[in-house]
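upload_34.cif follows; it contains mmCIF, C-alpha atoms (C1' of nucleotides).
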```cif
data_target
#
loop_
_atom_site.label_atom_id
_atom_site.label_comp_id
_atom_site.auth_asym_id
_atom_site.auth_seq_id
_atom_site.Cartn_x
_atom_site.Cartn_y
_atom_site.Cartn_z
CA MET V 1 4.33 -0.26 -19.91
CA ASN V 2 2.69 2.90 -21.28
CA THR V 3 0.24 5.55 -20.11
CA ALA V 4 -2.69 3.83 -21.84
CA PHE V 5 -2.23 0.82 -19.56
CA TYR V 6 -3.01 2.97 -16.51
CA ASP V 7 -5.65 5.05 -18.25
CA ARG V 8 -8.32 2.39 -17.68
CA PRO V 9 -10.78 1.41 -14.89
CA VAL V 10 -8.82 0.79 -11.70
CA LEU V 11 -10.16 -2.76 -11.29
CA GLU V 12 -8.80 -3.79 -14.68
CA VAL V 13 -5.42 -2.26 -13.98
CA ALA V 14 -5.25 -3.86 -10.52
CA ARG V 15 -5.86 -7.32 -11.97
CA ASP V 16 -3.51 -6.83 -14.92
CA LEU V 17 -0.67 -5.61 -12.70
CA VAL V 18 -0.37 -9.04 -11.07
CA GLY V 19 2.63 -10.71 -12.70
CA CYS V 20 4.21 -7.40 -13.77
CA VAL V 21 7.63 -6.31 -12.50
CA VAL V 22 8.39 -3.37 -10.22
CA THR V 23 11.97 -2.11 -10.54
CA HIS V 24 13.91 0.34 -8.40
CA SER V 25 17.40 -0.48 -9.57
CA PRO V 26 19.12 -2.68 -8.64
CA THR V 27 16.19 -4.25 -6.81
CA SER V 28 13.06 -5.59 -8.49
CA GLY V 29 10.20 -8.00 -7.91
CA VAL V 30 7.13 -9.54 -9.52
CA ILE V 31 3.80 -8.20 -8.27
CA VAL V 32 1.79 -11.00 -6.67
CA GLU V 33 -0.82 -8.97 -4.79
CA THR V 34 -2.67 -5.68 -5.42
CA GLU V 35 -5.68 -3.76 -4.17
CA ALA V 36 -7.84 -1.22 -5.99
CA TYR V 37 -8.96 2.07 -4.46
CA HIS V 38 -11.43 4.52 -5.96
CA ASP V 39 -12.84 7.87 -4.84
CA SER V 40 -16.36 6.44 -4.95
CA GLU V 41 -15.76 4.31 -1.85
CA PRO V 42 -14.79 5.43 1.67
CA ALA V 43 -11.67 3.29 2.10
CA CYS V 44 -9.92 5.40 -0.52
CA HIS V 45 -7.97 8.47 0.53
CA ALA V 46 -9.49 10.30 -2.45
CA PHE V 47 -12.99 9.79 -0.97
CA VAL V 48 -12.63 13.12 0.86
CA GLY V 49 -12.09 14.97 -2.40
CA LEU V 50 -9.22 17.00 -3.79
CA THR V 51 -6.76 18.10 -1.11
CA ALA V 52 -3.03 18.62 -0.92
CA ARG V 53 -2.68 14.99 0.11
CA THR V 54 -4.90 13.51 -2.61
CA ARG V 55 -3.67 15.80 -5.38
CA VAL V 56 -1.60 13.01 -6.94
CA LEU V 57 -4.51 10.55 -6.85
CA PHE V 58 -6.62 12.86 -8.98
CA GLY V 59 -3.75 13.60 -11.34
CA PRO V 60 -2.77 11.85 -14.58
CA PRO V 61 -2.39 8.03 -14.63
CA GLY V 62 0.93 6.20 -14.56
CA VAL V 63 2.25 8.15 -11.56
CA ALA V 64 3.37 6.81 -8.18
CA TYR V 65 1.35 7.74 -5.09
CA VAL V 66 3.51 7.08 -2.03
CA TYR V 67 2.21 7.94 1.42
CA ARG V 68 3.09 7.24 5.03
CA SER V 69 0.97 4.75 6.91
CA TYR V 70 0.71 4.61 10.68
CA GLY V 71 3.46 7.17 10.85
CA ILE V 72 6.02 4.53 9.98
CA HIS V 73 5.67 2.78 6.65
CA ALA V 74 5.70 4.04 3.06
CA LEU V 75 3.10 2.42 0.80
CA LEU V 76 3.38 2.35 -2.99
CA ASN V 77 0.41 2.92 -5.29
CA ALA V 78 0.02 3.34 -9.05
CA VAL V 79 -2.42 6.11 -10.05
CA THR V 80 -5.00 5.00 -12.63
CA GLU V 81 -7.88 6.34 -14.74
CA PRO V 82 -8.02 9.74 -16.47
CA GLU V 83 -7.01 12.94 -14.69
CA GLY V 84 -9.84 14.05 -12.41
CA SER V 85 -10.65 10.52 -11.28
CA GLY V 86 -9.16 9.71 -7.87
CA SER V 87 -8.10 6.10 -8.09
CA ALA V 88 -5.00 3.98 -7.57
CA VAL V 89 -3.72 0.44 -7.22
CA LEU V 90 -1.92 -0.42 -3.97
CA ILE V 91 1.03 -2.76 -4.50
CA ARG V 92 0.76 -5.15 -1.55
CA ALA V 93 3.34 -7.87 -2.18
CA LEU V 94 6.18 -8.86 -4.51
CA GLU V 95 8.12 -11.97 -5.32
CA PRO V 96 11.77 -10.81 -5.11
CA LEU V 97 13.53 -10.97 -8.46
CA THR V 98 16.83 -9.04 -8.42
CA GLY V 99 18.98 -7.28 -5.83
CA LEU V 100 18.26 -9.90 -3.20
CA ALA V 101 21.41 -9.14 -1.23
CA LEU V 102 20.49 -5.47 -0.93
CA MET V 103 16.96 -6.39 0.12
CA HIS V 104 18.34 -8.59 2.86
CA GLU V 105 20.59 -5.77 3.99
CA ARG V 106 17.74 -3.25 4.13
CA ARG V 107 15.32 -5.60 5.86
CA GLY V 108 17.70 -7.50 8.10
CA LEU V 109 18.32 -11.21 7.69
CA GLU V 110 15.07 -12.88 6.87
CA ARG V 111 13.51 -15.54 4.72
CA ILE V 112 13.00 -14.66 1.07
CA GLU V 113 9.27 -15.10 1.55
CA ALA V 114 9.30 -12.26 4.11
CA LEU V 115 11.31 -9.70 2.14
CA CYS V 116 8.40 -8.17 0.22
CA SER V 117 5.29 -9.88 1.63
CA GLY V 118 3.50 -6.70 2.65
CA PRO V 119 3.04 -3.15 1.37
CA GLY V 120 5.37 -1.59 3.95
CA LYS V 121 7.92 -4.38 3.58
CA LEU V 122 8.35 -4.12 -0.16
CA THR V 123 8.94 -0.36 -0.08
CA GLN V 124 11.65 -0.90 2.51
CA ALA V 125 13.21 -3.74 0.51
CA LEU V 126 13.22 -1.69 -2.71
CA GLY V 127 14.27 1.53 -1.00
CA ILE V 128 11.12 3.41 -2.00
CA GLY V 129 10.42 6.46 0.13
CA LEU V 130 7.98 9.36 0.31
CA GLU V 131 10.22 11.45 -1.94
CA LEU V 132 9.01 9.30 -4.84
CA ASN V 133 5.42 10.46 -4.42
CA GLY V 134 4.31 11.93 -7.73
CA SER V 135 7.15 10.36 -9.72
CA ASP V 136 6.55 8.91 -13.19
CA LEU V 137 6.21 5.12 -13.26
CA ILE V 138 7.06 5.05 -16.96
CA ARG V 139 10.18 7.22 -17.02
CA GLY V 140 11.02 7.74 -13.34
CA PRO V 141 13.34 5.94 -10.92
CA VAL V 142 10.63 3.41 -10.06
CA ARG V 143 9.14 1.64 -13.05
CA ILE V 144 6.65 -1.11 -13.73
CA SER V 145 7.23 -3.34 -16.73
CA GLU V 146 5.28 -6.05 -18.48
CA ARG V 147 4.88 -9.62 -17.34
CA PRO V 148 7.87 -11.88 -17.94
CA PRO V 149 7.01 -14.84 -20.23
CA GLN V 150 6.51 -17.29 -17.38
CA TRP V 151 3.93 -14.93 -15.81
CA ARG V 152 1.86 -14.36 -18.96
CA SER V 153 -0.79 -16.89 -18.01
CA VAL V 154 -0.80 -16.41 -14.23
CA ASP V 155 -4.09 -17.21 -12.49
CA VAL V 156 -5.45 -14.27 -10.51
CA SER V 157 -7.96 -14.55 -7.68
CA ALA V 158 -10.25 -11.75 -6.48
CA GLY V 159 -10.91 -11.38 -2.77
CA THR V 160 -11.68 -8.83 -0.09
CA ARG V 161 -9.17 -6.14 0.88
CA VAL V 162 -6.98 -6.27 3.94
CA GLY V 163 -6.37 -3.93 6.84
CA ILE V 164 -9.15 -1.42 6.24
CA SER V 165 -12.24 -0.53 8.24
CA LYS V 166 -14.57 0.83 5.56
CA ALA V 167 -16.07 -0.78 2.47
CA ILE V 168 -14.50 -4.03 3.59
CA GLU V 169 -16.93 -6.09 1.53
CA LEU V 170 -15.67 -5.05 -1.91
CA PRO V 171 -13.71 -7.86 -3.66
CA TRP V 172 -11.03 -5.50 -4.85
CA ARG V 173 -7.94 -7.47 -3.83
CA PHE V 174 -6.12 -9.45 -6.51
CA CYS V 175 -3.60 -12.22 -5.85
CA ALA V 176 -1.44 -14.55 -7.92
CA VAL V 177 -2.92 -17.98 -7.19
CA GLY V 178 -0.62 -20.23 -5.20
CA SER V 179 2.13 -17.66 -4.61
CA ARG V 180 4.30 -18.12 -1.51
CA PHE V 181 4.92 -14.39 -1.34
CA LEU V 182 1.47 -13.01 -0.46
CA SER V 183 1.00 -10.75 2.56
CA GLN V 184 -1.87 -12.92 3.76
CA PRO V 185 -3.78 -15.98 2.55
CA PRO V 186 -6.46 -15.10 -0.04
CA GLY V 187 -9.79 -14.02 1.39
CA ARG V 188 -12.27 -15.21 -1.17
CA VAL V 189 -11.78 -16.87 -4.50
CA SER V 190 -12.99 -16.40 -8.03
CA VAL V 191 -11.45 -16.49 -11.48
CA ALA V 192 -9.46 -14.35 -13.83
"C1'" DC Z 1 -4.68 25.59 16.85
"C1'" DA Z 2 -5.60 20.76 18.92
"C1'" DT Z 3 -6.97 16.34 18.16
"C1'" DG Z 4 -7.60 11.61 16.46
"C1'" DG Z 5 -7.40 8.00 13.20
"C1'" DG Z 6 -5.16 5.14 9.70
"C1'" DA Z 7 -4.48 1.00 3.05
"C1'" DT Z 8 1.14 -1.78 8.99
"C1'" DT Z 9 4.73 -4.18 11.11
"C1'" DG Z 10 7.22 -6.69 14.46
"C1'" DA Z 11 8.12 -7.79 19.20
"C1'" DC Z 12 6.35 -9.86 23.06
"C1'" DT Z 13 2.94 -12.99 25.97
"C1'" DG X 1 -3.30 -13.25 19.98
"C1'" DT X 2 -2.27 -8.66 21.64
"C1'" DC X 3 -0.17 -4.16 21.53
"C1'" DA X 4 2.87 -0.22 20.96
"C1'" DA X 5 5.44 2.70 17.71
"C1'" DT X 6 4.94 7.11 15.18
"C1'" DC X 7 3.41 11.07 12.04
"C1'" DC X 8 0.81 13.23 8.32
"C1'" DC X 9 -3.27 15.39 7.52
"C1'" DA X 10 -8.38 15.97 7.63
"C1'" DT X 11 -11.55 17.62 10.66
"C1'" DG X 12 -13.57 20.39 14.28
"C1'" DC X 13 -13.59 24.04 17.71
#
```
Please render this file's structure as structure tokens.
Amino acid sequence: MNTAFYDRPVLEVARDLVGCVVTHSPTSGVIVETEAYHDSEPACHAFVGLTARTRVLFGPPGVAYVYRSYGIHALLNAVTEPEGSGSAVLIRALEPLTGLALMHERRGLERIEALCSGPGKLTQALGIGLELNGSDLIRGPVRISERPPQWRSVDVSAGTRVGISKAIELPWRFCAVGSRFLSQPPGRVSVA
DNA sequence: CATGGGATTGACT
DNA sequence: GTCAATCCCATGC
């Protein structure tokens, strides 16, 4: 994956990331669910403008934005669009691929379907913490790589986002159709 | 300087 | 289905 991939409209990147692989060695997983956030809408952290917190969101594309949610969980985002545009793709769920034993250890004994089926769960399973905020997704410790062959033609559905209180009507959530590893059942359906 | 809310999860009823 | 845990940071006085 290269910088040009992220240097595009956030909705395109969010859809294209489904089926790609997130790796934080030795653990990795296939992205099955994403959400897009953009500074033009109030659900996005960058909506408030450039601050110390949103600095990374307005920075160059292809960088990780990791932040703490509800004081407890770390959530992983991929910054998109040219520098100066505050936008990012939230990685919401993965299908575990490698390092399963370590994931189980970090999460406690659970079903495979529950290891990475939520934005706070997958960061725990992959060992991704706030210290990775601002790290490079192309050369850094956490990387995103292209779709494996069997994911090249994955069907992607668009639906409404989850767990937010503003701009809840935007269909900016993208899911791999039929995946058992989603954080929640799809909201609304369309094509890809 | 004090306050309140949030892109969640998991335990309990 | 309901609810507490927990903390960074934007906002307001």
_Proximal residues of chain V relative to chain Z (all atoms listed in the file; 9 Å) as a ChimeraX atom specification_ = /V:35,37,43-45,69-73,75,90,118-121,161-164
*Restrict the distance test to only C-alpha atoms (C1' of nucleotides), flag each residue of chain X within 10 Å of chain V, and return the flagged residues as a list in words.*
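Using only C-alpha atoms (C1' of nucleotides), chain X residues at most 10 Å from chain V: DA5, DT6, DC7, DC8, DC9 and DA10 of chain X.
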*Do you have the CA of Ser135 in chain V-CA of Leu122 in chain V distance handy?*
17.4 Å
*Separation of CA of Val56 in chain V from CA of Gln124 in chain V in Å*: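 Atom-to-atom, CA of Gln124 in chain V to CA of Val56 in chain V, that is 21.4 Å.
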_Contacts of Arg55 in chain V at 10 Å (only C-alpha atoms (C1' of nucleotides); same-chain gap of 3+ positions) as a list of chain:residue names_ =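 Everything that qualifies: V:Ala46, V:Gly49, V:Leu50, V:Thr51, V:Ala52, V:Phe58, V:Gly59, V:Tyr65, V:Gly84, V:Gly86, V:Gly134.
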Do you know which residues the PyMOL selection byres ((chain V and resi 152) around 12) returns on this file, as a compact mmCIF listing (two decimals) with C-alpha atoms, in the frame of the given file?
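Dumped everything to result-v1.txt:
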```
# COMPACT_ATOMS: atom_id res chain seq x y z
CA ASP V 16 -3.51 -6.83 -14.92
CA LEU V 17 -0.67 -5.61 -12.70
CA VAL V 18 -0.37 -9.04 -11.07
CA GLY V 19 2.63 -10.71 -12.70
CA CYS V 20 4.21 -7.40 -13.77
CA VAL V 21 7.63 -6.31 -12.50
CA VAL V 30 7.13 -9.54 -9.52
CA GLU V 146 5.28 -6.05 -18.48
CA ARG V 147 4.88 -9.62 -17.34
CA PRO V 148 7.87 -11.88 -17.94
CA PRO V 149 7.01 -14.84 -20.23
CA GLN V 150 6.51 -17.29 -17.38
CA TRP V 151 3.93 -14.93 -15.81
CA SER V 153 -0.79 -16.89 -18.01
CA VAL V 154 -0.80 -16.41 -14.23
CA ASP V 155 -4.09 -17.21 -12.49
CA VAL V 156 -5.45 -14.27 -10.51
CA ALA V 176 -1.44 -14.55 -7.92
```
Padding 4 Å on every side, please: axis-aligned box over the listed atoms of range 3-13 of chain Z, centre and edge lengths to one decimal in Å, as JSON.
```
{"center_x": 0.3, "center_y": 1.7, "center_z": 14.5, "size_x": 23.7, "size_y": 37.3, "size_z": 30.9}
```
*asked:* Suppose a student applies the PyMOL selection byres ((chain V and resi 126) around 7) to this structure; what residues should they get, written as a list of chain:residue names?
replied: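 Going through the file, the PyMOL selection byres ((chain V and resi 126) around 7) ends up selecting V:His24, V:Thr27, V:Ser28, V:Met103, V:Leu122, V:Thr123, V:Gln124, V:Ala125, V:Gly127, V:Ile128.
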